[in-house]
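Next comes run-v8.txt, with compact mmCIF, C-alpha atoms.
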# COMPACT_ATOMS: atom_id res chain seq x y z
CA MET A 1 44.26 -32.30 -15.59
CA SER A 2 40.76 -31.51 -14.26
CA LYS A 3 40.03 -28.41 -12.23
CA ARG A 4 39.46 -28.89 -8.51
CA ILE A 5 37.58 -26.86 -5.92
CA VAL A 6 37.21 -27.33 -2.18
CA LEU A 7 34.11 -25.93 -0.49
CA THR A 8 33.87 -25.28 3.25
CA GLY A 9 31.40 -23.88 5.74
CA GLY A 10 29.18 -25.25 8.45
CA GLY A 11 27.43 -25.03 11.77
CA THR A 12 24.00 -24.09 10.39
CA ALA A 13 22.11 -24.89 7.20
CA GLY A 14 22.67 -21.26 6.16
CA HIS A 15 26.41 -21.96 5.92
CA VAL A 16 25.79 -24.95 3.64
CA THR A 17 22.86 -24.33 1.31
CA PRO A 18 24.63 -21.58 -0.70
CA ASN A 19 27.47 -24.06 -1.32
CA ILE A 20 24.91 -26.62 -2.49
CA ALA A 21 23.43 -23.96 -4.80
CA LEU A 22 26.80 -23.71 -6.59
CA LEU A 23 27.14 -27.46 -7.26
CA PRO A 24 25.25 -27.68 -10.60
CA SER A 25 27.25 -24.79 -12.11
CA LEU A 26 30.55 -26.16 -10.76
CA ARG A 27 29.84 -29.58 -12.28
CA GLU A 28 28.83 -28.01 -15.57
CA ALA A 29 32.13 -26.10 -15.58
CA GLY A 30 34.04 -29.38 -15.12
CA TYR A 31 35.20 -29.03 -11.52
CA GLU A 32 36.00 -31.92 -9.25
CA ILE A 33 34.36 -30.90 -5.98
CA PHE A 34 35.41 -31.71 -2.41
CA TYR A 35 34.13 -30.48 0.95
CA ILE A 36 35.83 -29.85 4.29
CA GLY A 37 33.54 -29.54 7.31
CA SER A 38 33.29 -30.61 10.92
CA TYR A 39 33.07 -34.26 11.91
CA ASN A 40 29.41 -34.25 12.89
CA GLY A 41 27.98 -30.86 11.89
CA ILE A 42 24.77 -30.41 9.90
CA GLU A 43 26.94 -29.91 6.80
CA LYS A 44 28.14 -33.55 6.80
CA HIS A 45 24.71 -35.03 6.11
CA LEU A 46 23.67 -32.29 3.67
CA ILE A 47 26.84 -32.57 1.59
CA GLU A 48 27.05 -36.37 1.54
CA GLU A 49 23.47 -36.36 0.20
CA GLN A 50 24.86 -34.44 -2.79
CA GLY A 51 27.44 -37.12 -3.57
CA VAL A 52 30.40 -34.83 -2.81
CA PRO A 53 33.49 -36.35 -1.10
CA TYR A 54 33.52 -35.07 2.48
CA TYR A 55 36.48 -34.57 4.82
CA GLY A 56 35.87 -33.92 8.52
CA ILE A 57 38.20 -31.88 10.74
CA ASP A 58 38.25 -30.75 14.36
CA SER A 59 36.26 -27.58 14.87
CA GLY A 60 36.09 -25.26 17.86
CA LYS A 61 33.82 -22.31 18.45
CA LEU A 62 35.13 -18.90 19.45
CA ARG A 63 32.70 -17.49 22.00
CA ARG A 64 32.22 -13.98 23.35
CA TYR A 65 30.90 -15.38 26.65
CA PHE A 66 32.35 -17.62 29.37
CA ASP A 67 32.16 -21.35 28.72
CA VAL A 68 34.43 -24.12 29.96
CA LYS A 69 34.94 -25.13 26.30
CA ASN A 70 36.73 -21.82 25.75
CA PHE A 71 39.77 -23.51 27.30
CA SER A 72 39.76 -26.55 24.99
CA ASP A 73 38.38 -25.20 21.72
CA PRO A 74 41.50 -23.18 20.74
CA PHE A 75 43.44 -26.45 20.73
CA ARG A 76 40.77 -28.02 18.52
CA VAL A 77 41.05 -25.08 16.10
CA VAL A 78 44.83 -25.51 15.93
CA HIS A 79 44.40 -29.25 15.35
CA GLY A 80 41.76 -28.48 12.68
CA TYR A 81 44.24 -26.16 10.95
CA GLY A 82 46.79 -28.97 10.73
CA GLN A 83 44.17 -31.39 9.42
CA ALA A 84 42.90 -28.87 6.83
CA ARG A 85 46.44 -28.15 5.65
CA SER A 86 47.11 -31.88 5.20
CA ILE A 87 43.85 -32.42 3.27
CA LEU A 88 44.45 -29.41 1.02
CA LYS A 89 48.00 -30.58 0.24
CA GLN A 90 46.55 -33.96 -0.69
CA LEU A 91 43.73 -32.56 -2.86
CA HIS A 92 45.73 -29.70 -4.38
CA PRO A 93 42.66 -27.62 -5.39
CA ASP A 94 42.75 -24.67 -7.76
CA VAL A 95 40.44 -22.63 -5.53
CA LEU A 96 38.72 -22.70 -2.13
CA PHE A 97 35.22 -21.28 -1.61
CA SER A 98 34.11 -20.68 1.98
CA LYS A 99 30.62 -19.91 3.23
CA GLY A 100 31.69 -19.20 6.81
CA GLY A 101 30.97 -20.74 10.16
CA PHE A 102 33.71 -21.61 12.64
CA VAL A 103 34.84 -24.76 10.83
CA SER A 104 35.86 -22.57 7.88
CA VAL A 105 38.45 -20.48 9.76
CA PRO A 106 41.27 -23.08 9.90
CA VAL A 107 40.47 -24.17 6.33
CA VAL A 108 40.75 -20.63 4.93
CA ARG A 109 43.92 -19.96 6.92
CA ALA A 110 45.48 -23.22 5.72
CA ALA A 111 44.56 -22.47 2.10
CA SER A 112 46.18 -19.05 2.36
CA ALA A 113 49.37 -20.57 3.79
CA LEU A 114 49.46 -22.97 0.82
CA HIS A 115 48.85 -20.11 -1.68
CA ILE A 116 45.50 -21.53 -2.80
CA ARG A 117 43.23 -18.84 -4.23
CA THR A 118 40.42 -18.28 -1.71
CA ILE A 119 36.97 -16.72 -2.06
CA ILE A 120 34.69 -16.29 0.94
CA HIS A 121 31.05 -15.25 1.20
CA GLU A 122 29.34 -13.25 3.94
CA SER A 123 25.54 -13.50 3.92
CA ASP A 124 24.73 -11.08 6.72
CA MET A 125 24.98 -7.32 6.75
CA THR A 126 27.96 -7.25 9.10
CA PRO A 127 30.62 -9.98 8.96
CA GLY A 128 30.40 -12.56 11.73
CA LEU A 129 33.41 -13.38 13.88
CA ALA A 130 34.43 -16.41 11.82
CA ASN A 131 34.54 -14.43 8.57
CA ARG A 132 36.28 -11.48 10.27
CA LEU A 133 39.08 -13.89 11.14
CA ALA A 134 39.09 -15.29 7.60
CA ILE A 135 38.91 -12.05 5.56
CA PRO A 136 42.65 -11.18 5.87
CA ALA A 137 43.49 -14.56 4.28
CA ALA A 138 40.98 -14.30 1.41
CA ASP A 139 41.53 -13.05 -2.14
CA LYS A 140 37.90 -12.00 -2.66
CA VAL A 141 34.99 -11.47 -0.25
CA CYS A 142 31.46 -11.72 -1.65
CA CYS A 143 28.50 -10.20 0.17
CA SER A 144 24.72 -10.01 -0.05
CA PHE A 145 24.04 -6.40 0.97
CA PRO A 146 25.31 -3.09 -0.43
CA GLU A 147 25.89 -1.86 3.14
CA THR A 148 28.36 -4.72 3.80
CA LEU A 149 30.86 -3.25 1.32
CA SER A 150 31.84 -0.61 3.87
CA TYR A 151 33.00 -3.34 6.31
CA LEU A 152 35.26 -5.05 3.74
CA PRO A 153 38.64 -4.23 2.18
CA GLU A 154 37.78 -2.34 -1.00
CA GLU A 155 40.10 -4.38 -3.25
CA LYS A 156 38.53 -7.66 -2.08
CA ALA A 157 34.83 -6.77 -1.86
CA VAL A 158 32.28 -8.03 -4.40
CA LEU A 159 28.51 -7.44 -4.11
CA SER A 160 27.14 -10.75 -5.36
CA GLY A 161 23.94 -11.52 -3.49
CA SER A 162 23.59 -15.00 -2.01
CA PRO A 163 23.52 -18.11 -4.24
CA ILE A 164 20.15 -19.84 -4.23
CA ARG A 165 19.22 -23.31 -5.46
CA ALA A 166 18.10 -23.18 -9.09
CA GLU A 167 15.35 -25.72 -8.41
CA LEU A 168 13.50 -23.14 -6.26
CA LEU A 169 12.80 -21.26 -9.50
CA GLU A 170 11.28 -24.35 -11.14
CA GLY A 171 8.19 -24.95 -8.99
CA SER A 172 4.72 -25.83 -10.25
CA ARG A 173 1.49 -24.24 -9.00
CA GLU A 174 -0.43 -27.32 -10.18
CA ASN A 175 1.83 -29.65 -8.17
CA ALA A 176 1.35 -27.48 -5.08
CA LEU A 177 -2.45 -27.48 -5.39
CA SER A 178 -2.37 -31.27 -5.78
CA PHE A 179 -0.05 -31.64 -2.76
CA LEU A 180 -2.34 -29.45 -0.63
CA ASN A 181 -5.53 -30.92 -2.09
CA TRP A 182 -6.76 -27.39 -2.76
CA GLY A 183 -9.15 -26.33 -5.50
CA PRO A 184 -9.72 -22.92 -7.12
CA ASP A 185 -10.15 -20.01 -4.70
CA PRO A 186 -9.93 -16.21 -5.13
CA ARG A 187 -8.05 -15.63 -1.86
CA THR A 188 -4.39 -14.59 -1.79
CA VAL A 189 -2.00 -17.44 -0.89
CA LEU A 190 0.30 -16.67 2.06
CA LEU A 191 3.33 -18.84 2.85
CA VAL A 192 4.53 -18.58 6.46
CA THR A 193 7.95 -19.78 7.57
CA GLY A 194 10.00 -19.22 10.71
CA GLY A 195 13.26 -20.64 9.37
CA SER A 196 14.53 -24.20 9.69
CA GLN A 197 13.64 -24.43 13.41
CA GLY A 198 10.35 -22.56 13.20
CA SER A 199 9.46 -19.42 15.16
CA VAL A 200 7.32 -19.65 18.28
CA ALA A 201 6.54 -15.91 18.11
CA ILE A 202 5.34 -16.06 14.50
CA ASN A 203 3.43 -19.32 15.08
CA GLN A 204 1.56 -17.91 18.07
CA ALA A 205 0.66 -14.59 16.44
CA LEU A 206 -0.46 -16.25 13.21
CA ARG A 207 -2.69 -18.79 14.95
CA ALA A 208 -4.20 -16.12 17.19
CA ALA A 209 -5.09 -14.14 14.05
CA LEU A 210 -6.19 -17.13 11.98
CA ASP A 211 -9.95 -16.48 11.80
CA PRO A 212 -9.76 -12.94 10.36
CA LEU A 213 -6.75 -13.83 8.17
CA LEU A 214 -8.60 -16.72 6.52
CA GLU A 215 -11.14 -14.21 5.22
CA ASP A 216 -8.42 -12.78 2.94
CA PHE A 217 -5.83 -15.55 2.67
CA ARG A 218 -5.26 -19.22 2.18
CA ILE A 219 -2.31 -20.03 4.41
CA ILE A 220 0.56 -22.53 4.08
CA HIS A 221 2.29 -22.65 7.46
CA LEU A 222 5.76 -24.19 7.81
CA CYS A 223 5.82 -24.14 11.59
CA GLY A 224 9.01 -26.09 12.47
CA LYS A 225 9.64 -29.46 14.08
CA GLY A 226 7.41 -30.14 17.07
CA HIS A 227 5.19 -27.08 16.44
CA LEU A 228 2.12 -28.57 14.74
CA ASP A 229 -1.23 -27.65 16.32
CA GLU A 230 -3.40 -30.73 15.94
CA SER A 231 -6.55 -28.77 16.87
CA LEU A 232 -6.19 -26.87 13.57
CA SER A 233 -5.70 -29.95 11.36
CA GLY A 234 -8.19 -30.03 8.52
CA ARG A 235 -9.05 -26.33 8.88
CA GLU A 236 -10.31 -25.08 5.50
CA GLY A 237 -7.74 -22.83 3.80
CA TYR A 238 -5.01 -23.59 6.36
CA ALA A 239 -2.29 -26.19 5.77
CA GLN A 240 0.45 -26.74 8.35
CA PHE A 241 3.67 -28.74 8.07
CA GLU A 242 6.69 -29.11 10.36
CA TYR A 243 8.84 -28.64 7.25
CA VAL A 244 8.81 -29.56 3.57
CA GLN A 245 11.71 -30.41 1.30
CA ASP A 246 10.92 -31.52 -2.25
CA GLU A 247 7.60 -29.62 -2.33
CA LEU A 248 9.05 -26.27 -1.23
CA LYS A 249 9.67 -25.08 -4.78
CA ASP A 250 6.04 -25.80 -5.68
CA LEU A 251 4.71 -24.00 -2.59
CA PHE A 252 6.83 -20.96 -3.50
CA ALA A 253 5.39 -21.06 -7.03
CA LEU A 254 1.86 -21.10 -5.64
CA CYS A 255 2.17 -18.41 -2.96
CA ASP A 256 1.50 -14.72 -3.64
CA MET A 257 3.34 -13.42 -0.57
CA VAL A 258 5.46 -14.65 2.34
CA LEU A 259 5.69 -14.06 6.09
CA SER A 260 9.21 -14.93 7.23
CA ARG A 261 12.11 -14.45 9.59
CA ALA A 262 14.95 -12.40 8.09
CA GLY A 263 17.83 -14.84 7.78
CA ALA A 264 20.08 -13.71 4.93
CA ASN A 265 19.73 -16.80 2.75
CA SER A 266 15.96 -16.92 3.18
CA ILE A 267 15.41 -13.31 2.15
CA CYS A 268 17.79 -13.68 -0.81
CA GLU A 269 15.56 -16.53 -1.98
CA LEU A 270 12.49 -14.30 -1.66
CA LEU A 271 14.25 -11.61 -3.70
CA ALA A 272 15.19 -14.04 -6.46
CA LEU A 273 11.64 -15.44 -6.50
CA ARG A 274 10.14 -11.91 -6.52
CA LYS A 275 7.85 -12.73 -3.59
CA PRO A 276 6.44 -9.74 -1.66
CA ASN A 277 7.21 -10.39 1.98
CA LEU A 278 6.63 -9.32 5.55
CA LEU A 279 9.75 -9.90 7.64
CA VAL A 280 9.74 -10.43 11.42
CA PRO A 281 13.47 -10.41 12.27
CA LEU A 282 14.78 -12.32 15.27
CA SER A 283 15.04 -9.84 18.13
CA ALA A 284 18.39 -8.46 19.26
CA ALA A 285 17.76 -10.08 22.65
CA ALA A 286 17.98 -13.53 21.03
CA SER A 287 20.75 -12.88 18.48
CA ARG A 288 23.57 -10.54 17.51
CA GLY A 289 20.97 -8.43 15.67
CA ASP A 290 21.96 -9.44 12.14
CA GLN A 291 18.37 -10.26 11.10
CA ILE A 292 17.26 -6.76 12.10
CA LEU A 293 19.97 -5.22 9.92
CA ASN A 294 19.08 -7.60 7.05
CA ALA A 295 15.40 -6.69 7.26
CA ASP A 296 16.08 -2.95 7.47
CA SER A 297 18.25 -3.14 4.35
CA TYR A 298 15.55 -4.94 2.38
CA GLN A 299 12.93 -2.49 3.60
CA LYS A 300 15.13 0.45 2.54
CA GLN A 301 15.60 -1.09 -0.92
CA GLY A 302 11.83 -1.60 -1.29
CA TYR A 303 11.94 -5.40 -1.25
CA SER A 304 10.24 -6.06 2.10
CA MET A 305 7.83 -4.80 4.72
CA VAL A 306 9.15 -5.19 8.28
CA LEU A 307 7.35 -5.86 11.57
CA ARG A 308 9.64 -5.97 14.63
CA GLU A 309 9.13 -8.95 16.94
CA GLU A 310 8.59 -6.54 19.84
CA ASP A 311 5.62 -5.09 17.90
CA LEU A 312 4.23 -8.46 16.78
CA THR A 313 0.64 -8.91 17.97
CA GLN A 314 -2.49 -10.44 16.51
CA ASP A 315 -3.71 -7.00 15.38
CA SER A 316 -0.37 -5.73 14.02
CA LEU A 317 0.09 -8.93 12.03
CA ILE A 318 -3.36 -8.69 10.46
CA SER A 319 -2.96 -5.02 9.51
CA SER A 320 0.58 -5.54 8.13
CA LEU A 321 -0.40 -8.53 6.00
CA ARG A 322 -3.43 -6.73 4.61
CA ALA A 323 -1.29 -3.68 3.79
CA LEU A 324 1.28 -5.90 2.05
CA LYS A 325 -1.50 -7.60 0.07
CA ASP A 326 -2.77 -4.24 -1.18
CA SER A 327 0.70 -2.95 -2.18
CA ARG A 328 2.46 -6.12 -3.32
CA GLN A 329 2.93 -4.97 -6.92
CA SER A 330 5.21 -2.15 -5.76
CA TYR A 331 7.44 -4.69 -3.98
CA ILE A 332 7.57 -6.90 -7.08
CA ALA A 333 8.56 -3.88 -9.20
CA ALA A 334 11.43 -3.01 -6.83
CA MET A 335 12.69 -6.61 -6.76
CA GLU A 336 12.63 -6.84 -10.54
CA LYS A 337 15.16 -3.98 -10.69
CA SER A 338 17.62 -5.75 -8.37
CA ALA A 339 20.95 -7.05 -9.66
CA GLN A 340 21.51 -9.12 -6.52
CA SER A 341 19.71 -12.25 -7.75
CA SER A 342 22.45 -13.43 -10.16
CA ALA A 343 24.79 -14.52 -7.36
CA VAL A 344 25.68 -17.92 -8.84
CA ASP A 345 26.86 -16.30 -12.09
CA ILE A 346 28.89 -13.63 -10.27
CA ILE A 347 30.56 -16.16 -7.94
CA MET A 348 31.24 -18.62 -10.76
CA LYS A 349 33.02 -15.86 -12.67
CA LEU A 350 35.27 -15.25 -9.64
CA ILE A 351 35.92 -18.98 -9.21
CA THR A 352 36.89 -19.55 -12.83
CA GLU A 353 39.19 -16.52 -13.07
CA LYS A 354 42.86 -17.39 -13.40
Could you write out this structure as structure tokens?
Amino acid sequence: MSKRIVLTGGGTAGHVTPNIALLPSLREAGYEIFYIGSYNGIEKHLIEEQGVPYYGIDSGKLRRYFDVKNFSDPFRVVHGYGQARSILKQLHPDVLFSKGGFVSVPVVRAASALHIRTIIHESDMTPGLANRLAIPAADKVCCSFPETLSYLPEEKAVLSGSPIRAELLEGSRENALSFLNWGPDPRTVLLVTGGSQGSVAINQALRAALDPLLEDFRIIHLCGKGHLDESLSGREGYAQFEYVQDELKDLFALCDMVLSRAGANSICELLALRKPNLLVPLSAAASRGDQILNADSYQKQGYSMVLREEDLTQDSLISSLRALKDSRQSYIAAMEKSAQSSAVDIIMKLITEK
């Protein structure tokens, strides 16, 4: 009888892409793979693209603020639990792997009730609410940061790093130059990304600083949907895209350094790729502050330089990027000593344990 695994997680791409990163190794190990997510979340499209059978369940969000949906969502969570339990009884998997997000809570709880071995992964420094509700039902809890271990039950905690897609390590500089229609140039190549939605703050500061930056850098700017600046189209040494998909691995291969937000999956990719980086974490005013904690951890470990959004100006961006350019070898050396970039191997070992 073949081995079976159910994956779950959803709500944002960050709760799905690490699951996708595990698929090649799971297939190589002979697992039949299934996915439980919400009916219409971002995970549905991303997983169905991978050819994995997908099961949708009701999903409610647990909010810390008042919303009329707070009265109906608990019933959706309870209904989702019943649906997840029924699907798991039907599939009878050997193991469940959860990447978090609110859809995962009823799935993890149902798996625990059915005595299905369960592994969950927390990308951020401090566990989010969904994973805090799931941790008591899990057998093992993987995490991306050494500091997270103190928030987890000692007998369950595993420092794994975050799984990244193997194809990101297989990019071609030549393909990137062809895609960009760029020739030889002595300037440092800077890749700028504000996450899947783009960052208005980073976009504005970068474009305000463009003239002096282009003296030192050629810039690839992934600015997010709806954030192209047509007045800059065709500017020598500056290439802007709303987003890229297939070419991302090639652009990573070409770039010498990266300016980025500090989402956990994104910075784990930069660590695995050994790319010196300047992080501008999402401010605490616009989030629960997890990106600030992520960035501070990477700065402390010597992997990243950090510029707070509150301090982000044209001048501070120019000086920070020039300082990173001058010291980037020290960041590469620190990243090369890290053990946190073998996450797929560590998680696969946990999955295949009897």
Mind checking which residues fall within 10 Å of A:Leu213, counting all atoms listed in the file, ignoring those fewer than 5 positions away in the same chain, and posting them as a tab-separated table (two decimals) with C-alpha atoms, keeping the file's coordinate frame?
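Output file selection_18.tsv is given in full below:
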chain	number	residue	atom	x	y	z
A	190	LEU	CA	0.30	-16.67	2.06
A	206	LEU	CA	-0.46	-16.25	13.21
A	207	ARG	CA	-2.69	-18.79	14.95
A	208	ALA	CA	-4.20	-16.12	17.19
A	218	ARG	CA	-5.26	-19.22	2.18
A	219	ILE	CA	-2.31	-20.03	4.41
A	314	GLN	CA	-2.49	-10.44	16.51
A	317	LEU	CA	0.09	-8.93	12.03
A	318	ILE	CA	-3.36	-8.69	10.46
A	319	SER	CA	-2.96	-5.02	9.51
A	321	LEU	CA	-0.40	-8.53	6.00
A	322	ARG	CA	-3.43	-6.73	4.61
Within-10 Å shell of (42.2, -24.8, -2.5) in input frame, all atoms listed in the file, as an MDAnalysis selection string: chainID A and resid 4:7 34 85 87:89 91:97 107:108 110:112 114:119
Taking all atoms of stretch 38-47 of chain A that the file lists, what box with edges along x, y and z, padded by 6 Å per side, do you get, with centre and edge lengths in Å to one decimal, as JSON?
{"center_x": 28.5, "center_y": -32.5, "center_z": 7.2, "size_x": 21.6, "size_y": 17.1, "size_z": 23.3}
Which neighbours of A:Gly51 fall inside 12 Å, counting all atoms listed in the file, when residues of the same chain fewer than 2 positions from it are skipped, and could you give them as an NGL selection string? :A and (20 or 23-24 or 27 or 32-35 or 44-49 or 53-54)
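With all atoms listed in the file as the atoms that count, the residue of A:Tyr238, A:Asn294, A:Lys325, A:Ser320 with the shortest distance to A:Pro127 is A:Asn294.
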Within 10 Å of file point (9.3, -16.3, 11.9), counting all atoms listed in the file, expressed as a PDB file with C-alpha atoms, in the frame of the given file:
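Written out: result18.pdb:
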ATOM      1  CA  VAL A 192       4.530 -18.580   6.460  1.00  0.00           C
ATOM      2  CA  THR A 193       7.950 -19.780   7.570  1.00  0.00           C
ATOM      3  CA  GLY A 194      10.000 -19.220  10.710  1.00  0.00           C
ATOM      4  CA  GLY A 195      13.260 -20.640   9.370  1.00  0.00           C
ATOM      5  CA  SER A 196      14.530 -24.200   9.690  1.00  0.00           C
ATOM      6  CA  GLN A 197      13.640 -24.430  13.410  1.00  0.00           C
ATOM      7  CA  GLY A 198      10.350 -22.560  13.200  1.00  0.00           C
ATOM      8  CA  SER A 199       9.460 -19.420  15.160  1.00  0.00           C
ATOM      9  CA  VAL A 200       7.320 -19.650  18.280  1.00  0.00           C
ATOM     10  CA  ALA A 201       6.540 -15.910  18.110  1.00  0.00           C
ATOM     11  CA  ILE A 202       5.340 -16.060  14.500  1.00  0.00           C
ATOM     12  CA  ASN A 203       3.430 -19.320  15.080  1.00  0.00           C
ATOM     13  CA  ALA A 205       0.660 -14.590  16.440  1.00  0.00           C
ATOM     14  CA  LEU A 206      -0.460 -16.250  13.210  1.00  0.00           C
ATOM     15  CA  LEU A 222       5.760 -24.190   7.810  1.00  0.00           C
ATOM     16  CA  CYS A 223       5.820 -24.140  11.590  1.00  0.00           C
ATOM     17  CA  GLY A 224       9.010 -26.090  12.470  1.00  0.00           C
ATOM     18  CA  LEU A 259       5.690 -14.060   6.090  1.00  0.00           C
ATOM     19  CA  SER A 260       9.210 -14.930   7.230  1.00  0.00           C
ATOM     20  CA  ARG A 261      12.110 -14.450   9.590  1.00  0.00           C
ATOM     21  CA  ALA A 262      14.950 -12.400   8.090  1.00  0.00           C
ATOM     22  CA  GLY A 263      17.830 -14.840   7.780  1.00  0.00           C
ATOM     23  CA  LEU A 278       6.630  -9.320   5.550  1.00  0.00           C
ATOM     24  CA  LEU A 279       9.750  -9.900   7.640  1.00  0.00           C
ATOM     25  CA  VAL A 280       9.740 -10.430  11.420  1.00  0.00           C
ATOM     26  CA  PRO A 281      13.470 -10.410  12.270  1.00  0.00           C
ATOM     27  CA  LEU A 282      14.780 -12.320  15.270  1.00  0.00           C
ATOM     28  CA  GLU A 309       9.130  -8.950  16.940  1.00  0.00           C
TER      29      GLU A 309
END
If you count all atoms listed in the file, which residues fall within 12 Å of A:Ser104, apart from same-chain ones fewer than 2 positions away, as JSON, numbers by chain? {"A": [6, 7, 8, 9, 10, 11, 15, 16, 35, 36, 37, 38, 43, 56, 57, 58, 59, 60, 61, 77, 80, 81, 84, 96, 97, 98, 99, 100, 101, 102, 106, 107, 108, 109, 110, 111, 118, 119, 120, 121, 129, 130, 131, 132, 133, 134, 135, 137, 138]}
Given the choices A:Ile351, A:Leu273, A:Val103, A:Val78, which gets closest to A:Tyr39 if the distance is worked out from only C-alpha atoms? A:Val103
Smallest atom-to-atom distance to A:Lys3: which of A:Gly161, A:Pro136, A:Gly30, A:Gly128, using all atoms listed in the file?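 When distances to A:Lys3 are compared using all atoms listed in the file, the smallest one comes from A:Gly30.
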Nearest-residue call for A:Glu154, choices A:Leu191, A:Leu248, A:Ile292, A:Cys142, using all atoms listed in the file: A:Cys142
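Of the listed residues A:Gln90, A:Gln329, A:Asn181, A:Asn265, the one whose atoms come nearest to A:Gly234 is A:Asn181, with distances taken using only C-alpha atoms.
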Neighbouring residues of A:Ala157 were defined as those with any atom within 7 Å, considering all atoms listed in the file; residues of the same chain fewer than 3 positions away were excluded. Please report them as a list in words.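 The residues satisfying every condition are Lys140, Val141, Cys142, Leu149, Leu152, Pro153 and Glu154 of chain A.
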What is the distance between atom CA of A:Asp211 and atom CA of A:Gly226, in Å to one decimal?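 Computed distance, atom CA of A:Asp211 to atom CA of A:Gly226, equals 22.7 Å.
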Give me the stretch 248-311 of chain A side of the contact with stretch 332-348 of chain A, cut-off 10 Å, one line per residue showing its nearest atom pair and distance in Å at one decimal, counting all atoms listed in the file, sorted by chain and residue number, as a tab-separated table.
residue	atom	partner	partner_atom	distance
A:Cys268	CA	A:Ser341	CA	7.3
A:Glu269	CA	A:Ser341	CA	8.3
A:Leu270	CA	A:Met335	CA	9.2
A:Leu271	CA	A:Met335	CA	6.1
A:Ala272	CA	A:Ser341	CA	5.0
A:Leu273	CA	A:Ser341	CA	8.8
A:Arg274	CA	A:Ile332	CA	5.7
A:Lys275	CA	A:Ile332	CA	6.8
A:Pro276	CA	A:Ile332	CA	6.2
A:Asn277	CA	A:Ile332	CA	9.7
A:Tyr298	CA	A:Met335	CA	9.7
A:Gln301	CA	A:Ala334	CA	7.5
A:Gly302	CA	A:Ala334	CA	5.7
A:Tyr303	CA	A:Met335	CA	5.7
A:Ser304	CA	A:Met335	CA	9.2
Rounded to one decimal, what separation in Å do you get between atom CA of A:Ile267 and atom CA of A:Ile220?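 A separation of 17.6 Å between them.
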